[in-house]
Amino acid sequence: MCYQLTTHFGGTEAVIDDNCGISKFYAIAGTLTKELQVNFLNQVDDSDTLDWDFQYKNLFLTLHYNIFNGVSILPRHTKSIQNENKVVMEIAHFLEQHAY
């Protein structure tokens with residue numbers, strides 16, 4: 001499952017799974033690390049939300065988890081550029097082909 005949301009600032013948020021537990025977030029993070037050689041630069045872990053920033057194709061993105069909204073990927077900047085939106089969807093489609 002993957003669907004695209006557009007933020008108020010024109011950014012693309014790709015929802016990977018809107019009904020999952022935190023274990024799926026960690027599995028996705030592992031896949032990004034192992035198969036796309038992503039290194040997480042900043043990890044913010046709150047009680048109900050995780051935001052892990054990473055760089056992919058020289059663009060800064062965030063792997064996001066929330067207990068109410070599931071797992072998604074979005075541009076780190078609020079005012080997104082078109083390239084970031086394309087890369088967000090590229091990663092989302094890549095993850096869509098992996099079973100968790």
# chains A, B, ... in the order shown; residues from 1 in each chain; ligands from 1

call {"tool": "residues_around", "arguments": {"residues": "stretch 27-34 of chain A", "least_positions_apart": "3", "cutoff": "9 Å", "atoms": "only C-alpha atoms", "output": "PyMOL selection string"}}
result
chain A and resi 22-24+37-40+52+63+71+91+95+98+100

call {"tool": "write_last_selection", "arguments": {"atoms": "N, CA and C atoms", "output": "short mmCIF file (atom, residue, chain, number, x, y, z; two decimals), in the first residue's frame"}}
result
data_model
loop_
_atom_site.label_atom_id
_atom_site.label_comp_id
_atom_site.auth_asym_id
_atom_site.auth_seq_id
_atom_site.Cartn_x
_atom_site.Cartn_y
_atom_site.Cartn_z
N ILE A 22 5.12 -0.14 15.26
CA ILE A 22 6.46 0.41 15.19
C ILE A 22 7.46 -0.58 14.59
N SER A 23 7.17 -1.87 14.68
CA SER A 23 8.09 -2.86 14.12
C SER A 23 8.21 -2.70 12.60
N LYS A 24 7.14 -2.28 11.94
CA LYS A 24 7.21 -2.04 10.50
C LYS A 24 8.09 -0.84 10.20
N GLN A 37 21.55 1.99 1.01
CA GLN A 37 22.71 2.56 1.69
C GLN A 37 22.42 3.92 2.33
N VAL A 38 21.24 4.03 2.92
CA VAL A 38 20.84 5.26 3.61
C VAL A 38 21.46 5.27 5.00
N ASN A 39 21.98 6.42 5.39
CA ASN A 39 22.45 6.64 6.76
C ASN A 39 21.53 7.67 7.40
N PHE A 40 21.01 7.33 8.55
CA PHE A 40 20.12 8.26 9.25
C PHE A 40 20.97 9.27 9.99
N TRP A 52 13.07 10.27 11.53
CA TRP A 52 14.46 9.97 11.25
C TRP A 52 14.83 10.61 9.92
N LEU A 63 11.97 9.85 7.33
CA LEU A 63 11.15 8.66 7.54
C LEU A 63 10.35 8.95 8.81
N VAL A 71 3.43 4.84 8.83
CA VAL A 71 4.76 5.17 8.33
C VAL A 71 4.65 5.94 7.02
N ILE A 91 11.26 6.26 -3.62
CA ILE A 91 11.52 5.39 -2.47
C ILE A 91 10.25 4.65 -2.06
N LEU A 95 9.83 0.62 -1.76
CA LEU A 95 9.39 -0.07 -0.54
C LEU A 95 8.13 -0.89 -0.78
N HIS A 98 8.66 -4.54 -1.41
CA HIS A 98 9.21 -5.38 -0.34
C HIS A 98 8.09 -5.76 0.63
N TYR A 100 6.68 -6.85 4.26
CA TYR A 100 7.06 -6.68 5.68
C TYR A 100 6.15 -7.53 6.51
#

call {"tool": "select_by_dssp", "arguments": {"residues": "chain A", "states": "strand (DSSP E)", "output": "NGL selection string"}}
result
:A and (3-6 or 12-17 or 40-45 or 49-56 or 59-66 or 70-75)

call {"tool": "write_last_selection", "arguments": {"atoms": "N, CA and C atoms", "output": "tab-separated table (two decimals), in the first residue's frame"}}
result
chain	number	residue	atom	x	y	z
A	3	TYR	N	0.23	5.52	-0.89
A	3	TYR	CA	-0.50	6.60	-1.53
A	3	TYR	C	0.16	7.92	-1.19
A	4	GLN	N	-0.14	8.90	-1.99
A	4	GLN	CA	0.55	10.19	-1.95
A	4	GLN	C	-0.36	11.27	-1.39
A	5	LEU	N	0.19	12.05	-0.48
A	5	LEU	CA	-0.51	13.22	0.04
A	5	LEU	C	0.30	14.45	-0.34
A	6	THR	N	-0.35	15.57	-0.50
A	6	THR	CA	0.35	16.81	-0.77
A	6	THR	C	0.18	17.73	0.42
A	12	THR	N	5.45	16.45	-1.10
A	12	THR	CA	4.79	15.16	-1.25
A	12	THR	C	5.11	14.30	-0.04
A	13	GLU	N	4.07	13.77	0.58
A	13	GLU	CA	4.23	12.78	1.65
A	13	GLU	C	3.72	11.46	1.10
A	14	ALA	N	4.60	10.45	1.08
A	14	ALA	CA	4.21	9.12	0.61
A	14	ALA	C	3.90	8.27	1.83
A	15	VAL	N	2.67	7.84	1.95
A	15	VAL	CA	2.25	6.99	3.06
A	15	VAL	C	2.53	5.55	2.67
A	16	ILE	N	3.42	4.92	3.42
A	16	ILE	CA	3.81	3.54	3.14
A	16	ILE	C	2.78	2.58	3.74
A	17	ASP	N	2.37	2.83	4.97
A	17	ASP	CA	1.34	2.03	5.61
A	17	ASP	C	0.69	2.89	6.68
A	40	PHE	N	21.01	7.33	8.55
A	40	PHE	CA	20.12	8.26	9.25
A	40	PHE	C	20.97	9.27	9.99
A	41	LEU	N	20.71	10.55	9.73
A	41	LEU	CA	21.52	11.64	10.24
A	41	LEU	C	21.02	12.17	11.58
A	42	ASN	N	19.74	12.15	11.76
A	42	ASN	CA	19.13	12.71	12.96
A	42	ASN	C	17.92	11.86	13.30
A	43	GLN	N	17.82	11.42	14.54
A	43	GLN	CA	16.71	10.59	14.96
A	43	GLN	C	16.01	11.24	16.15
A	44	VAL	N	14.76	11.62	15.94
A	44	VAL	CA	13.95	12.20	17.01
A	44	VAL	C	12.88	11.18	17.37
A	45	ASP	N	12.96	10.65	18.58
A	45	ASP	CA	12.03	9.64	19.05
A	45	ASP	C	11.22	10.20	20.22
A	49	THR	N	5.70	9.37	18.23
A	49	THR	CA	6.17	9.76	16.91
A	49	THR	C	7.68	9.57	16.79
A	50	LEU	N	8.12	9.07	15.63
A	50	LEU	CA	9.53	8.97	15.31
A	50	LEU	C	9.77	9.72	14.01
A	51	ASP	N	10.80	10.55	13.97
A	51	ASP	CA	11.21	11.25	12.76
A	51	ASP	C	12.70	11.02	12.58
A	52	TRP	N	13.07	10.27	11.53
A	52	TRP	CA	14.46	9.97	11.25
A	52	TRP	C	14.83	10.61	9.92
A	53	ASP	N	15.73	11.57	9.97
A	53	ASP	CA	16.17	12.27	8.77
A	53	ASP	C	17.28	11.49	8.08
A	54	PHE	N	17.26	11.53	6.76
A	54	PHE	CA	18.30	10.87	5.98
A	54	PHE	C	18.50	11.61	4.66
A	55	GLN	N	19.62	11.30	4.04
A	55	GLN	CA	19.95	11.90	2.75
A	55	GLN	C	19.93	10.80	1.69
A	56	TYR	N	19.27	11.09	0.58
A	56	TYR	CA	19.20	10.16	-0.54
A	56	TYR	C	19.26	10.96	-1.82
A	59	LEU	N	19.41	14.70	-1.44
A	59	LEU	CA	18.21	15.39	-0.94
A	59	LEU	C	17.93	14.91	0.47
A	60	PHE	N	17.43	15.79	1.31
A	60	PHE	CA	17.14	15.47	2.70
A	60	PHE	C	15.66	15.13	2.86
A	61	LEU	N	15.42	13.92	3.38
A	61	LEU	CA	14.08	13.40	3.56
A	61	LEU	C	13.91	12.93	4.99
A	62	THR	N	12.67	12.64	5.37
A	62	THR	CA	12.37	12.15	6.72
A	62	THR	C	11.53	10.88	6.62
A	63	LEU	N	11.97	9.85	7.33
A	63	LEU	CA	11.15	8.66	7.54
A	63	LEU	C	10.35	8.95	8.81
A	64	HIS	N	9.04	8.94	8.71
A	64	HIS	CA	8.17	9.38	9.79
A	64	HIS	C	7.28	8.23	10.25
A	65	TYR	N	7.10	8.11	11.56
A	65	TYR	CA	6.16	7.15	12.13
A	65	TYR	C	5.33	7.84	13.19
A	66	ASN	N	4.04	7.56	13.19
A	66	ASN	CA	3.14	8.05	14.21
A	66	ASN	C	2.16	6.94	14.53
A	70	GLY	N	0.72	5.86	11.03
A	70	GLY	CA	1.57	4.87	10.39
A	70	GLY	C	2.91	5.42	9.94
A	71	VAL	N	3.43	4.84	8.83
A	71	VAL	CA	4.76	5.17	8.33
A	71	VAL	C	4.65	5.94	7.02
A	72	SER	N	5.45	6.99	6.91
A	72	SER	CA	5.48	7.76	5.67
A	72	SER	C	6.88	8.34	5.45
A	73	ILE	N	7.10	8.81	4.24
A	73	ILE	CA	8.35	9.49	3.87
A	73	ILE	C	7.96	10.84	3.31
A	74	LEU	N	8.67	11.87	3.73
A	74	LEU	CA	8.37	13.22	3.28
A	74	LEU	C	9.65	14.04	3.19
A	75	PRO	N	9.62	15.12	2.42
A	75	PRO	CA	10.77	16.02	2.37
A	75	PRO	C	11.00	16.65	3.74

call {"tool": "atom_distance", "arguments": {"atom1": "atom CA of A:Lys57", "atom2": "atom CA of A:Val87"}}
result
7.9 Å

call {"tool": "atom_distance", "arguments": {"atom1": "atom CA of A:Val88", "atom2": "atom CA of A:Gly10"}}
result
12.8 Å
